[in-house]
file protein.txt (compact mmCIF, C-alpha atoms)
# COMPACT_ATOMS: atom_id res chain seq x y z
CA MET A 1 13.87 -53.79 -12.43
CA PRO A 2 14.48 -50.67 -14.47
CA ARG A 3 16.49 -47.92 -12.89
CA TRP A 4 15.64 -44.55 -14.32
CA LYS A 5 18.22 -41.88 -14.15
CA THR A 6 17.01 -38.36 -13.77
CA THR A 7 17.83 -36.06 -16.60
CA LYS A 8 18.27 -32.91 -14.64
CA ASN A 9 18.57 -30.37 -17.37
CA SER A 10 19.02 -27.38 -15.17
CA ALA A 11 22.30 -28.60 -13.71
CA ALA A 12 24.00 -27.77 -16.98
CA ASN A 13 22.96 -24.17 -17.15
CA VAL A 14 23.79 -22.63 -13.87
CA PHE A 15 22.33 -19.19 -13.80
CA ARG A 16 24.21 -16.30 -12.45
CA ILE A 17 22.15 -13.21 -12.09
CA ALA A 18 23.97 -10.25 -10.76
CA ILE A 19 22.20 -7.19 -9.64
CA LEU A 20 24.29 -4.18 -8.92
CA ALA A 21 24.13 -3.27 -5.31
CA THR A 22 22.78 0.20 -4.76
CA ALA A 23 23.65 1.49 -8.18
CA ALA A 24 23.36 5.06 -7.04
CA PHE A 25 26.35 4.68 -4.81
CA SER A 26 29.36 6.61 -5.99
CA PRO A 27 32.10 8.41 -4.11
CA PRO A 28 31.72 12.15 -3.69
CA PRO A 29 33.55 14.08 -6.42
CA ALA A 30 37.02 15.12 -5.50
CA SER A 31 37.67 18.83 -5.31
CA GLY A 32 38.36 20.25 -8.74
CA ALA A 33 38.37 18.21 -11.92
CA LEU A 34 41.17 15.92 -10.87
CA GLY A 35 40.17 12.27 -11.04
CA ARG A 36 36.55 13.07 -11.43
CA ARG A 37 35.89 10.85 -14.41
CA SER A 38 37.97 8.03 -13.10
CA VAL A 39 34.90 6.73 -11.27
CA ALA A 40 33.44 5.41 -14.50
CA THR A 41 36.54 3.51 -15.53
CA ALA A 42 36.88 2.04 -12.09
CA GLU A 43 33.45 0.52 -12.39
CA GLU A 44 33.60 -2.74 -10.50
CA LYS A 45 32.45 -6.05 -11.79
CA PRO A 46 29.02 -6.97 -10.50
CA LYS A 47 29.26 -8.72 -7.16
CA THR A 48 27.97 -12.26 -6.89
CA ASN A 49 24.86 -11.57 -4.95
CA ALA A 50 22.58 -14.15 -6.48
CA VAL A 51 21.68 -17.46 -4.92
CA THR A 52 20.48 -20.21 -7.23
CA ILE A 53 18.05 -22.78 -5.90
CA ASP A 54 18.68 -25.99 -7.78
CA ASN A 55 18.51 -29.68 -6.97
CA PHE A 56 17.00 -28.97 -3.56
CA SER A 57 19.93 -26.81 -2.44
CA PHE A 58 21.02 -23.18 -2.22
CA ALA A 59 24.11 -22.29 -4.24
CA PRO A 60 26.25 -20.82 -2.91
CA MET A 61 25.18 -22.21 0.42
CA GLN A 62 27.14 -19.43 2.12
CA LEU A 63 27.42 -15.93 0.66
CA GLU A 64 29.47 -13.01 1.95
CA ILE A 65 28.35 -9.52 0.98
CA PRO A 66 28.93 -5.92 2.05
CA ALA A 67 26.12 -4.21 3.95
CA GLY A 68 23.55 -2.61 1.68
CA THR A 69 23.68 -5.41 -0.89
CA GLN A 70 20.57 -6.88 -2.36
CA VAL A 71 20.53 -10.66 -2.67
CA THR A 72 18.27 -12.38 -5.17
CA TRP A 73 17.27 -16.03 -4.94
CA ILE A 74 16.00 -17.69 -8.10
CA ASN A 75 14.37 -21.11 -8.15
CA LYS A 76 15.53 -23.37 -10.99
CA ASP A 77 13.86 -26.52 -9.62
CA ASP A 78 10.63 -28.07 -10.86
CA VAL A 79 9.11 -27.80 -7.39
CA PRO A 80 8.39 -24.74 -5.26
CA HIS A 81 10.79 -23.59 -2.57
CA THR A 82 10.81 -20.79 -0.02
CA VAL A 83 13.51 -18.60 1.51
CA VAL A 84 12.85 -18.07 5.21
CA SER A 85 15.28 -16.61 7.73
CA LEU A 86 15.53 -18.41 11.04
CA ASP A 87 14.91 -15.21 12.97
CA HIS A 88 12.05 -14.20 10.64
CA LYS A 89 13.88 -11.15 9.28
CA PHE A 90 12.90 -12.12 5.75
CA LYS A 91 10.49 -14.62 4.26
CA SER A 92 9.52 -15.27 0.65
CA ARG A 93 6.31 -16.69 -0.66
CA ALA A 94 6.58 -20.06 -2.36
CA LEU A 95 8.73 -19.58 -5.46
CA ASP A 96 7.68 -21.63 -8.45
CA THR A 97 10.13 -22.48 -11.22
CA ASP A 98 12.08 -19.38 -12.38
CA GLU A 99 10.48 -17.14 -9.78
CA SER A 100 12.75 -15.05 -7.60
CA PHE A 101 12.86 -13.25 -4.29
CA SER A 102 15.10 -10.36 -3.24
CA PHE A 103 16.10 -8.91 0.07
CA THR A 104 18.52 -6.08 0.87
CA PHE A 105 20.82 -6.63 3.81
CA GLN A 106 21.52 -3.31 5.56
CA THR A 107 22.94 -4.54 8.83
CA PRO A 108 26.13 -6.58 9.26
CA GLY A 109 25.65 -10.00 10.76
CA THR A 110 25.08 -13.65 9.94
CA TYR A 111 21.69 -14.55 8.55
CA GLU A 112 20.76 -18.21 8.48
CA TYR A 113 17.81 -19.25 6.36
CA PHE A 114 16.08 -22.38 5.07
CA CYS A 115 13.32 -23.60 2.78
CA SER A 116 10.24 -24.02 4.95
CA VAL A 117 8.85 -26.56 2.47
CA HIS A 118 12.00 -28.70 2.42
CA PRO A 119 13.72 -27.82 5.69
CA LYS A 120 16.80 -29.90 4.89
CA MET A 121 17.69 -27.03 2.55
CA THR A 122 19.64 -24.43 4.52
CA GLY A 123 21.85 -21.46 3.66
CA LYS A 124 23.69 -18.54 5.19
CA ILE A 125 24.29 -14.89 4.27
CA ILE A 126 27.19 -13.14 5.97
CA VAL A 127 26.96 -9.34 5.81
CA LYS A 128 30.22 -7.51 6.52
CA MET B 129 13.82 -46.75 13.33
CA SER B 130 17.24 -45.69 12.19
CA ASP B 131 17.19 -48.13 9.34
CA TYR B 132 16.25 -47.00 5.89
CA ILE B 133 16.24 -48.65 2.51
CA LYS B 134 19.34 -47.80 0.54
CA GLU B 135 18.68 -50.05 -2.37
CA ASN B 136 16.88 -53.20 -3.19
CA LEU B 137 18.80 -55.85 -5.05
CA ASP B 138 16.42 -58.73 -4.48
CA PRO B 139 14.28 -59.22 -7.57
CA ASP B 140 11.22 -60.32 -5.63
CA GLY B 141 11.24 -57.05 -3.75
CA VAL B 142 11.37 -58.70 -0.34
CA ASP B 143 14.25 -58.90 2.07
CA ARG B 144 13.47 -61.00 5.15
CA ARG B 145 15.63 -60.41 8.18
CA GLY B 146 14.96 -59.13 11.70
CA PHE B 147 12.26 -57.06 10.17
CA LEU B 148 10.88 -57.34 6.75
CA LYS B 149 11.05 -54.67 4.18
CA CYS B 150 10.22 -54.61 0.58
CA MET B 151 10.14 -52.11 -2.17
CA ALA B 152 8.63 -52.27 -5.57
CA TRP B 153 7.71 -50.02 -8.40
CA ALA B 154 4.00 -49.64 -8.77
CA GLY B 155 4.43 -50.93 -12.28
CA THR B 156 5.00 -54.41 -10.94
CA GLY B 157 2.49 -54.02 -8.12
CA THR B 158 2.67 -55.52 -4.68
CA PHE B 159 0.09 -57.40 -2.70
CA CYS B 160 0.49 -57.58 1.05
CA LEU B 161 -1.46 -59.62 3.54
CA LEU B 162 -1.01 -58.95 7.21
CA GLN B 163 -1.98 -61.74 9.60
CA GLY B 164 -1.20 -61.42 13.28
CA GLY B 165 1.79 -59.21 12.57
CA VAL B 166 3.23 -61.43 9.85
CA LEU B 167 3.36 -59.99 6.39
CA LYS B 168 3.00 -62.07 3.28
CA SER B 169 4.05 -60.26 0.20
CA PHE B 170 3.44 -61.28 -3.40
CA ALA B 171 3.82 -59.74 -6.79
CA LEU B 172 0.46 -58.46 -7.94
CA THR B 173 0.57 -60.63 -11.03
CA ASP B 174 0.82 -63.75 -8.82
CA VAL B 175 -2.14 -62.63 -6.76
CA LEU B 176 -4.30 -62.19 -9.81
CA GLN B 177 -3.70 -65.82 -10.77
CA LYS B 178 -4.79 -67.03 -7.34
CA ASN B 179 -8.11 -66.92 -5.54
CA VAL B 180 -8.63 -63.22 -5.03
CA GLY B 181 -11.92 -63.98 -3.30
CA ASN B 182 -9.91 -64.37 -0.11
CA LEU B 183 -9.20 -60.68 -0.20
CA LYS B 184 -12.79 -59.70 0.35
CA GLY B 185 -13.32 -58.52 3.86
CA ASP B 186 -15.49 -56.30 6.00
CA LEU B 187 -13.93 -53.17 4.73
CA SER B 188 -11.98 -51.98 1.76
CA PHE B 189 -10.68 -48.52 1.06
CA VAL B 190 -8.31 -46.89 -1.39
CA GLN B 191 -5.43 -44.53 -0.90
CA ILE B 192 -4.80 -41.76 -3.41
CA SER B 193 -1.80 -39.52 -3.00
CA ASP B 194 0.28 -36.70 -4.39
CA SER B 195 -2.01 -35.47 -7.15
CA HIS B 196 -0.03 -32.20 -7.45
CA ILE B 197 -2.76 -30.43 -9.39
CA GLY B 198 -1.12 -27.43 -11.06
CA PHE B 199 2.16 -29.18 -11.88
CA ASN B 200 2.74 -28.91 -15.63
CA LYS B 201 6.38 -29.76 -16.21
CA PRO B 202 7.81 -32.38 -18.60
CA ALA B 203 7.62 -35.23 -16.08
CA ASN B 204 3.85 -35.04 -16.57
CA PRO B 205 2.30 -32.02 -18.29
CA ASP B 206 -1.26 -33.17 -17.56
CA VAL B 207 -1.62 -34.27 -13.94
CA THR B 208 -5.38 -33.78 -14.02
CA ALA B 209 -5.63 -36.45 -16.74
CA THR B 210 -3.63 -38.96 -14.71
CA LEU B 211 -5.72 -38.19 -11.62
CA ARG B 212 -8.81 -38.96 -13.69
CA GLU B 213 -7.20 -42.24 -14.76
CA ALA B 214 -6.57 -43.08 -11.12
CA ILE B 215 -10.22 -42.33 -10.35
CA ALA B 216 -11.31 -44.57 -13.21
CA LYS B 217 -9.10 -47.32 -11.81
CA VAL B 218 -10.80 -47.05 -8.43
CA ASN B 219 -14.23 -46.94 -10.04
CA ALA B 220 -13.41 -50.19 -11.87
CA LEU B 221 -12.71 -52.14 -8.67
CA PRO B 222 -15.07 -55.10 -8.28
CA THR B 223 -16.11 -53.89 -4.83
CA PRO B 224 -16.47 -50.13 -4.43
CA PRO B 225 -14.27 -48.91 -1.56
CA SER B 226 -16.05 -47.78 1.60
CA PHE B 227 -14.05 -44.59 1.50
CA ALA B 228 -10.87 -43.07 0.14
CA LEU B 229 -7.87 -41.51 1.83
CA HIS B 230 -5.96 -38.75 0.07
CA THR B 231 -2.59 -38.56 1.76
CA GLY B 232 -1.64 -35.06 0.73
CA ASP B 233 -0.16 -32.86 -1.96
CA LEU B 234 -3.58 -32.44 -3.51
CA THR B 235 -2.10 -29.40 -5.26
CA HIS B 236 1.32 -28.30 -6.41
CA LEU B 237 1.16 -24.64 -5.34
CA SER B 238 -1.77 -24.40 -2.89
CA LYS B 239 -3.71 -22.25 -5.36
CA PRO B 240 -7.51 -22.03 -4.93
CA GLU B 241 -8.09 -23.05 -8.55
CA GLU B 242 -5.89 -26.12 -8.02
CA PHE B 243 -7.96 -27.14 -5.01
CA ASP B 244 -11.06 -26.53 -7.18
CA THR B 245 -9.83 -28.87 -9.90
CA LEU B 246 -8.98 -31.57 -7.41
CA ALA B 247 -12.33 -31.37 -5.64
CA GLU B 248 -14.20 -31.30 -8.93
CA SER B 249 -12.29 -34.33 -10.27
CA LEU B 250 -12.84 -36.40 -7.15
CA LYS B 251 -16.59 -35.87 -7.32
CA SER B 252 -16.66 -38.74 -9.81
CA LEU B 253 -14.95 -41.14 -7.39
CA LYS B 254 -17.40 -43.91 -6.54
CA THR B 255 -17.13 -43.96 -2.78
CA ASP B 256 -19.04 -42.54 0.15
CA LYS B 257 -16.40 -40.31 1.65
CA ILE B 258 -12.91 -39.00 1.09
CA PHE B 259 -10.62 -38.22 4.02
CA TYR B 260 -7.70 -35.85 3.53
CA VAL B 261 -4.46 -34.89 5.20
CA PRO B 262 -2.34 -32.04 3.81
CA GLY B 263 1.02 -32.32 2.08
CA GLU B 264 3.61 -29.58 2.23
CA HIS B 265 2.46 -28.38 -1.20
CA ASP B 266 -1.03 -27.73 0.20
CA VAL B 267 0.09 -25.34 2.92
CA LEU B 268 2.61 -23.17 1.07
CA ASN B 269 1.70 -19.58 1.79
CA ASP B 270 -1.01 -19.52 4.43
CA ASN B 271 0.07 -22.16 6.93
CA GLY B 272 -2.62 -24.45 5.58
CA GLN B 273 -5.61 -22.17 6.12
CA THR B 274 -7.12 -22.69 2.66
CA PHE B 275 -6.66 -26.43 2.85
CA HIS B 276 -8.10 -26.51 6.35
CA GLU B 277 -11.22 -24.57 5.38
CA ARG B 278 -11.92 -26.77 2.39
CA PHE B 279 -10.75 -30.24 3.36
CA GLY B 280 -10.17 -30.21 7.10
CA GLN B 281 -13.51 -29.23 8.54
CA GLY B 282 -14.37 -30.88 11.82
CA THR B 283 -10.74 -31.79 12.53
CA GLN B 284 -8.68 -31.07 15.64
CA GLY B 285 -5.85 -28.59 16.02
CA ASP B 286 -4.03 -28.04 12.73
CA GLY B 287 -6.11 -30.72 11.00
CA TRP B 288 -5.64 -34.07 12.73
CA TYR B 289 -8.55 -36.40 13.45
CA SER B 290 -9.65 -39.98 13.93
CA PHE B 291 -12.66 -42.09 13.07
CA ASP B 292 -13.83 -45.68 13.40
CA GLN B 293 -14.91 -47.99 10.61
CA LYS B 294 -16.00 -51.60 11.07
CA GLY B 295 -14.00 -52.00 14.24
CA ALA B 296 -10.81 -50.44 12.92
CA HIS B 297 -9.55 -47.08 14.19
CA PHE B 298 -8.27 -44.61 11.60
CA ILE B 299 -6.06 -41.67 12.51
CA GLY B 300 -5.12 -38.82 10.16
CA LEU B 301 -2.05 -36.84 11.20
CA VAL B 302 -0.49 -33.60 9.94
CA ASN B 303 3.31 -33.52 9.69
CA VAL B 304 3.91 -30.74 7.15
CA LEU B 305 3.42 -27.62 9.28
CA ASN B 306 5.92 -25.64 11.37
CA LEU B 307 8.90 -27.45 9.91
CA LYS B 308 12.25 -26.65 11.53
CA ALA B 309 15.40 -25.68 9.64
CA GLY B 310 17.52 -28.74 8.97
CA GLY B 311 14.77 -31.06 10.12
CA LEU B 312 12.24 -33.49 8.69
CA GLY B 313 8.47 -33.70 8.94
CA THR B 314 7.09 -32.68 12.31
CA LEU B 315 4.02 -33.67 14.31
CA GLY B 316 4.59 -31.40 17.30
CA ASN B 317 3.78 -31.81 20.97
CA THR B 318 0.14 -30.73 20.77
CA GLN B 319 -0.65 -33.34 18.17
CA LEU B 320 1.35 -36.02 19.98
CA GLU B 321 -0.57 -35.35 23.19
CA TRP B 322 -3.83 -35.60 21.28
CA LEU B 323 -2.74 -38.89 19.71
CA GLU B 324 -1.80 -40.39 23.05
CA LYS B 325 -5.25 -39.55 24.43
CA ASP B 326 -7.02 -40.63 21.25
CA VAL B 327 -5.79 -44.22 21.51
CA ALA B 328 -5.67 -44.45 25.31
CA ASN B 329 -9.05 -46.11 25.72
CA LEU B 330 -8.94 -48.43 22.73
CA LYS B 331 -8.61 -52.17 23.17
CA SER B 332 -5.20 -53.47 22.13
CA SER B 333 -6.95 -55.75 19.66
CA THR B 334 -8.29 -52.76 17.71
CA PRO B 335 -6.64 -52.56 14.29
CA ILE B 336 -5.06 -49.13 13.85
CA VAL B 337 -4.56 -47.37 10.53
CA LEU B 338 -2.42 -44.26 10.79
CA PHE B 339 -2.07 -41.99 7.77
CA ALA B 340 -0.08 -38.83 7.12
CA HIS B 341 1.70 -37.24 4.16
CA ILE B 342 5.42 -37.50 4.95
CA PRO B 343 6.54 -41.03 5.89
CA LEU B 344 6.39 -41.74 9.62
CA TRP B 345 9.55 -43.83 9.32
CA SER B 346 13.05 -42.99 8.17
CA VAL B 347 12.88 -43.76 4.48
CA TYR B 348 15.77 -41.47 3.54
CA PRO B 349 16.41 -38.59 5.92
CA GLN B 350 19.01 -37.05 3.59
CA TRP B 351 16.12 -36.12 1.31
CA GLY B 352 13.81 -35.20 4.14
CA TRP B 353 11.90 -38.47 3.81
CA GLY B 354 11.00 -39.00 7.42
CA THR B 355 9.38 -37.37 10.44
CA ASP B 356 11.43 -36.08 13.37
CA ASP B 357 9.05 -37.11 16.14
CA SER B 358 7.40 -40.15 14.54
CA GLU B 359 8.99 -42.53 17.04
CA GLN B 360 7.15 -40.77 19.82
CA ALA B 361 3.88 -41.19 17.94
CA LEU B 362 4.52 -44.87 17.25
CA SER B 363 5.42 -45.52 20.89
CA TYR B 364 1.76 -44.94 21.75
CA LEU B 365 0.79 -47.75 19.37
CA LYS B 366 3.17 -50.47 20.53
CA ARG B 367 0.53 -52.32 22.54
CA PHE B 368 -1.75 -52.75 19.54
CA GLY B 369 -1.70 -56.01 17.66
CA SER B 370 -2.06 -54.51 14.21
CA VAL B 371 -0.89 -51.09 13.13
CA THR B 372 -0.76 -49.99 9.50
CA VAL B 373 0.92 -46.71 8.57
CA LEU B 374 0.04 -45.22 5.18
CA ASN B 375 2.02 -42.32 3.74
CA GLY B 376 2.66 -40.53 0.46
CA HIS B 377 5.27 -37.84 -0.33
CA ILE B 378 7.95 -40.02 -1.92
CA HIS B 379 5.97 -40.87 -5.08
CA GLN B 380 6.81 -44.58 -5.06
CA THR B 381 5.68 -47.62 -3.15
CA MET B 382 7.76 -48.89 -0.27
CA GLN B 383 6.99 -51.22 2.57
CA LYS B 384 8.57 -52.21 5.80
CA ILE B 385 7.42 -54.22 8.80
CA GLU B 386 8.75 -53.52 12.23
CA GLY B 387 7.17 -55.52 15.00
CA ASN B 388 3.43 -54.94 14.94
CA ILE B 389 3.69 -52.05 12.49
CA THR B 390 3.43 -52.23 8.72
CA PHE B 391 4.60 -49.15 6.88
CA HIS B 392 3.46 -48.47 3.36
CA THR B 393 3.94 -45.54 0.99
CA ALA B 394 1.74 -44.95 -2.03
CA CYS B 395 2.47 -43.88 -5.56
CA SER B 396 1.68 -40.43 -6.83
CA THR B 397 -1.06 -39.91 -9.37
CA ALA B 398 1.08 -37.15 -10.91
CA PHE B 399 4.79 -37.89 -11.37
CA PRO B 400 7.38 -40.37 -10.05
CA GLN B 401 10.36 -39.50 -7.88
CA PRO B 402 13.71 -41.28 -7.88
CA GLN B 403 14.65 -44.10 -5.57
CA PRO B 404 16.48 -42.89 -2.46
CA GLY B 405 19.95 -41.67 -3.33
CA GLN B 406 19.61 -42.61 -7.00
CA ALA B 407 19.58 -38.99 -8.20
CA ASP B 408 21.04 -35.64 -7.18
CA SER B 409 17.79 -34.63 -5.53
CA PRO B 410 14.27 -35.94 -4.91
CA GLY B 411 12.81 -33.73 -7.66
CA PRO B 412 10.33 -35.01 -10.26
CA MET B 413 11.74 -37.89 -12.29
CA LYS B 414 11.42 -37.48 -16.02
CA VAL B 415 10.70 -40.78 -17.70
CA PRO B 416 9.69 -41.68 -21.25
CA ALA B 417 6.00 -40.93 -21.81
CA GLU B 418 5.17 -44.59 -22.37
CA LYS B 419 6.66 -45.47 -18.98
CA LEU B 420 4.92 -42.77 -16.96
CA ARG B 421 1.71 -44.55 -16.12
CA ALA B 422 3.51 -47.63 -14.89
CA LEU B 423 5.06 -45.41 -12.21
CA LEU B 424 1.83 -43.76 -11.08
CA GLY B 425 -0.96 -45.44 -9.25
CA ILE B 426 -3.33 -46.05 -6.40
CA THR B 427 -3.43 -48.28 -3.34
CA ASP B 428 -6.34 -50.55 -2.48
CA VAL B 429 -6.64 -51.80 1.10
CA ASN B 430 -8.86 -54.61 2.34
CA PHE B 431 -9.56 -55.25 5.98
CA VAL B 432 -10.92 -58.54 7.30
CA ARG B 433 -12.43 -58.17 10.75
CA GLY B 434 -11.45 -60.75 13.32
CA LYS B 435 -8.36 -61.81 11.43
CA HIS B 436 -6.44 -58.57 11.89
CA THR B 437 -5.88 -58.72 8.23
CA LEU B 438 -5.06 -55.82 6.00
CA ALA B 439 -4.36 -56.59 2.40
CA ILE B 440 -2.65 -53.84 0.51
CA VAL B 441 -2.63 -53.88 -3.28
CA ASP B 442 -0.85 -51.26 -5.35
CA SER B 443 -2.01 -50.73 -8.90
CA SER B 444 -0.37 -48.70 -11.60
CA LEU B 445 -2.46 -46.56 -13.94
call {"tool": "encode", "arguments": {"input": "protein.txt", "output": "structure tokens"}}
result
Amino acid sequence: MPRWKTTKNSAANVFRIAILATAAFSPPPASGALGRRSVATAEEKPKTNAVTIDNFSFAPMQLEIPAGTQVTWINKDDVPHTVVSLDHKFKSRALDTDESFSFTFQTPGTYEYFCSVHPKMTGKIIVK
Amino acid sequence: MSDYIKENLDPDGVDRRGFLKCMAWAGTGTFCLLQGGVLKSFALTDVLQKNVGNLKGDLSFVQISDSHIGFNKPANPDVTATLREAIAKVNALPTPPSFALHTGDLTHLSKPEEFDTLAESLKSLKTDKIFYVPGEHDVLNDNGQTFHERFGQGTQGDGWYSFDQKGAHFIGLVNVLNLKAGGLGTLGNTQLEWLEKDVANLKSSTPIVLFAHIPLWSVYPQWGWGTDDSEQALSYLKRFGSVTVLNGHIHQTMQKIEGNITFHTACSTAFPQPQPGQADSPGPMKVPAEKLRALLGITDVNFVRGKHTLAIVDSSL
């Protein structure tokens, strides 16, 4: 009996899409010229606020972010998935391959979500 | 019902113990004969060399499943073509089936044009009637409303129903709606109550055929291949002498007998999925093009009245 192995190509190229959270945010200028330009050099690396859907799982399964951060889920599987919060605070349409869904978390708390098509798939966003 | 098939090492596909379970690729084909709760299972090639006249009964029907119209990825870039091949296979049967069951995932993305293509393709199926139950891919964005309007007219609740044919009682169930986080397929209390009433007045000698998309037994819960409240549903059927459960969803044939109940899953007409636990996930299995059709197929079921006999034959494309 032949045993076929899956050749899951997407496992090799894990996508990381980073979207800057609220790009307009910058500290108010200090009085006078002192340190004013230092904001640009102190530009932070983009925060990991993307969740990849691959192999019927959310990665990372748990994500911690500051309030006001936008999280983007992108589906790298060959089948559609959804992103649905347990308390119905956010809900995507079915995401086909390479489609994405974004939601901005304004309020601190723990947000559990799952794929309503494949409910074994669960994840959590922790907003500090 | 906690048992599930981890792997099958027996080359004849049958493992006889307290209950009997077998698993086979559609490419080899399996023939099953149920007589008084005892299953006889043969390789399809063996059956073809014997007297197949014995298989003719009062009723025959086919099961088609998981057509996934709209899927266009490398596992099978033309699922409409393979559906047409499945239809041709049915149309070539020596005895036209009385009806067909489509056990869900008609479409890949629940799009109206996908439903159109499926309906248009199945018009050429030589049978009197096609009965449908939805798969999770048919109810993606509207809780099944589009599916219900087009394929579930005259059904109860969210789309369940029953009908009688030649003395056998057929029940179509819906276990792909209102799924709970972390859970499996779900029937729900309303449907369970309906089921209990539906079979309450039937004689125990009535053969029952139950069909739904997600398996009504624990095939592999880690991949969501099971239904949370299926045991409750099956408890209503314990008094019946012959119960056959037909499912799709897992894109491969599997069988198991437990007491009076024979469980059977059908192949997809679109793309194969891996054996339980044999891949990182249950996603579409990419196989060499020349191997694809051996892993797709249809199921042909014959029912002989009076003998409680259901003969199930899987055929690859």
call {"tool": "closest_residue", "arguments": {"input": "protein.txt", "among": "B:Tyr260, B:Phe243, B:Trp351, B:Tyr364", "to": "chain A", "atoms": "all atoms listed in the file"}}
result
B:Trp351
call {"tool": "residues_near_point", "arguments": {"input": "protein.txt", "point": "(7.5, -33.5, -9.0)", "cutoff": "7 Å", "atoms": "all atoms listed in the file", "output": "VMD selection string"}}
result
(chain A and resid 78 to 79) or (chain B and resid 399 to 401 411 to 413)
call {"tool": "closest_residue", "arguments": {"input": "protein.txt", "among": "B:Ala209, B:Leu307, B:Ile258, B:Ile426", "to": "chain A", "atoms": "only C-alpha atoms"}}
result
B:Leu307
call {"tool": "closest_residue", "arguments": {"input": "protein.txt", "among": "A:Asn55, A:Phe101, A:Lys128, A:Ala94", "to": "Ser116 (chain A)", "atoms": "only C-alpha atoms"}}
result
A:Ala94
call {"tool": "closest_atom_pairs", "arguments": {"input": "protein.txt", "of": "chain A", "to": "chain B", "cutoff": "6 Å", "atoms": "all atoms listed in the file", "output": "tab-separated table"}}
result
residue	atom	partner	partner_atom	distance
A:Thr6	CA	B:Met413	CA	5.5
A:Asn55	CA	B:Ser409	CA	5.2
A:Arg93	CA	B:Asn269	CA	6.0
A:Phe114	CA	B:Ala309	CA	5.7
A:Pro119	CA	B:Ala309	CA	4.8
A:Lys120	CA	B:Gly310	CA	4.3
call {"tool": "atom_distance", "arguments": {"input": "protein.txt", "atom1": "CA of Ser195 (chain B)", "atom2": "CA of Thr210 (chain B)"}}
result
8.5 Å
call {"tool": "axis_aligned_box", "arguments": {"input": "protein.txt", "around": "region 408-418 of chain B", "padding_each_side": "8 Å", "output": "AutoDock Vina command-line options"}}
result
--center_x 13.1 --center_y -39.2 --center_z -13.6 --size_x 31.9 --size_y 26.9 --size_z 33.5
call {"tool": "atom_distance", "arguments": {"input": "protein.txt", "atom1": "CA of Ala422 (chain B)", "atom2": "CA of Leu445 (chain B)"}}
result
6.1 Å
call {"tool": "atom_distance", "arguments": {"input": "protein.txt", "atom1": "CA of Ile197 (chain B)", "atom2": "CA of Glu242 (chain B)"}}
result
5.5 Å
call {"tool": "closest_residue", "arguments": {"input": "protein.txt", "among": "B:Ser363, B:Ser252, B:Asn430, B:Ser188", "to": "Ala216 (chain B)", "atoms": "only C-alpha atoms"}}
result
B:Ser252
call {"tool": "closest_residue", "arguments": {"input": "protein.txt", "among": "A:Lys124, A:Lys89, A:Lys76, A:His118", "to": "Gln106 (chain A)", "atoms": "only C-alpha atoms"}}
result
A:Lys89
call {"tool": "residues_around", "arguments": {"input": "protein.txt", "residues": "Ser396 (chain B)", "least_positions_apart": "3", "cutoff": "12 Å", "atoms": "all atoms listed in the file", "output": "PyMOL selection string"}}
result
chain B and resi 153-154+191-197+204+207+210-211+214+230-235+341+375-381+393+399-401+412-413+420-427+442-445
call {"tool": "residues_around", "arguments": {"input": "protein.txt", "residues": "Asp326 (chain B)", "least_positions_apart": "3", "cutoff": "10 Å", "atoms": "all atoms listed in the file", "output": "list in words"}}
result
Tyr289, Ser290, His297, Ile299, Leu320, Glu321, Trp322, Leu323, Asn329, Leu330 and Tyr364 of chain B
call {"tool": "residues_near_point", "arguments": {"input": "protein.txt", "point": "(13.3, -26.6, -2.9)", "cutoff": "6 Å", "atoms": "only C-alpha atoms", "output": "PDB file with C-alpha atoms, in the coordinates of the input"}}
result
ATOM      1  CA  PHE A  56      17.000 -28.970  -3.560  1.00  0.00           C
ATOM      2  CA  PRO A  80       8.390 -24.740  -5.260  1.00  0.00           C
ATOM      3  CA  HIS A  81      10.790 -23.590  -2.570  1.00  0.00           C
ATOM      4  CA  HIS A 118      12.000 -28.700   2.420  1.00  0.00           C
TER       5      HIS A 118
END
call {"tool": "decode", "arguments": {"input": "protein.txt", "residues": "region 307-319 of chain B", "atoms": "C-alpha atoms", "output": "PDB file, in the first residue's frame"}}
result
ATOM      1  CA  LEU B 307     -19.043  24.716  15.620  1.00  0.00           C
ATOM      2  CA  LYS B 308     -17.487  25.413  19.022  1.00  0.00           C
ATOM      3  CA  ALA B 309     -13.894  26.514  19.587  1.00  0.00           C
ATOM      4  CA  GLY B 310     -11.690  23.510  20.244  1.00  0.00           C
ATOM      5  CA  GLY B 311     -14.451  21.108  19.278  1.00  0.00           C
ATOM      6  CA  LEU B 312     -15.409  18.785  16.446  1.00  0.00           C
ATOM      7  CA  GLY B 313     -18.488  18.554  14.259  1.00  0.00           C
ATOM      8  CA  THR B 314     -21.721  19.338  16.070  1.00  0.00           C
ATOM      9  CA  LEU B 315     -25.317  18.203  15.638  1.00  0.00           C
ATOM     10  CA  GLY B 316     -26.851  20.264  18.437  1.00  0.00           C
ATOM     11  CA  ASN B 317     -29.766  19.597  20.746  1.00  0.00           C
ATOM     12  CA  THR B 318     -32.519  20.689  18.364  1.00  0.00           C
ATOM     13  CA  GLN B 319     -31.387  18.258  15.711  1.00  0.00           C
TER      14      GLN B 319
END
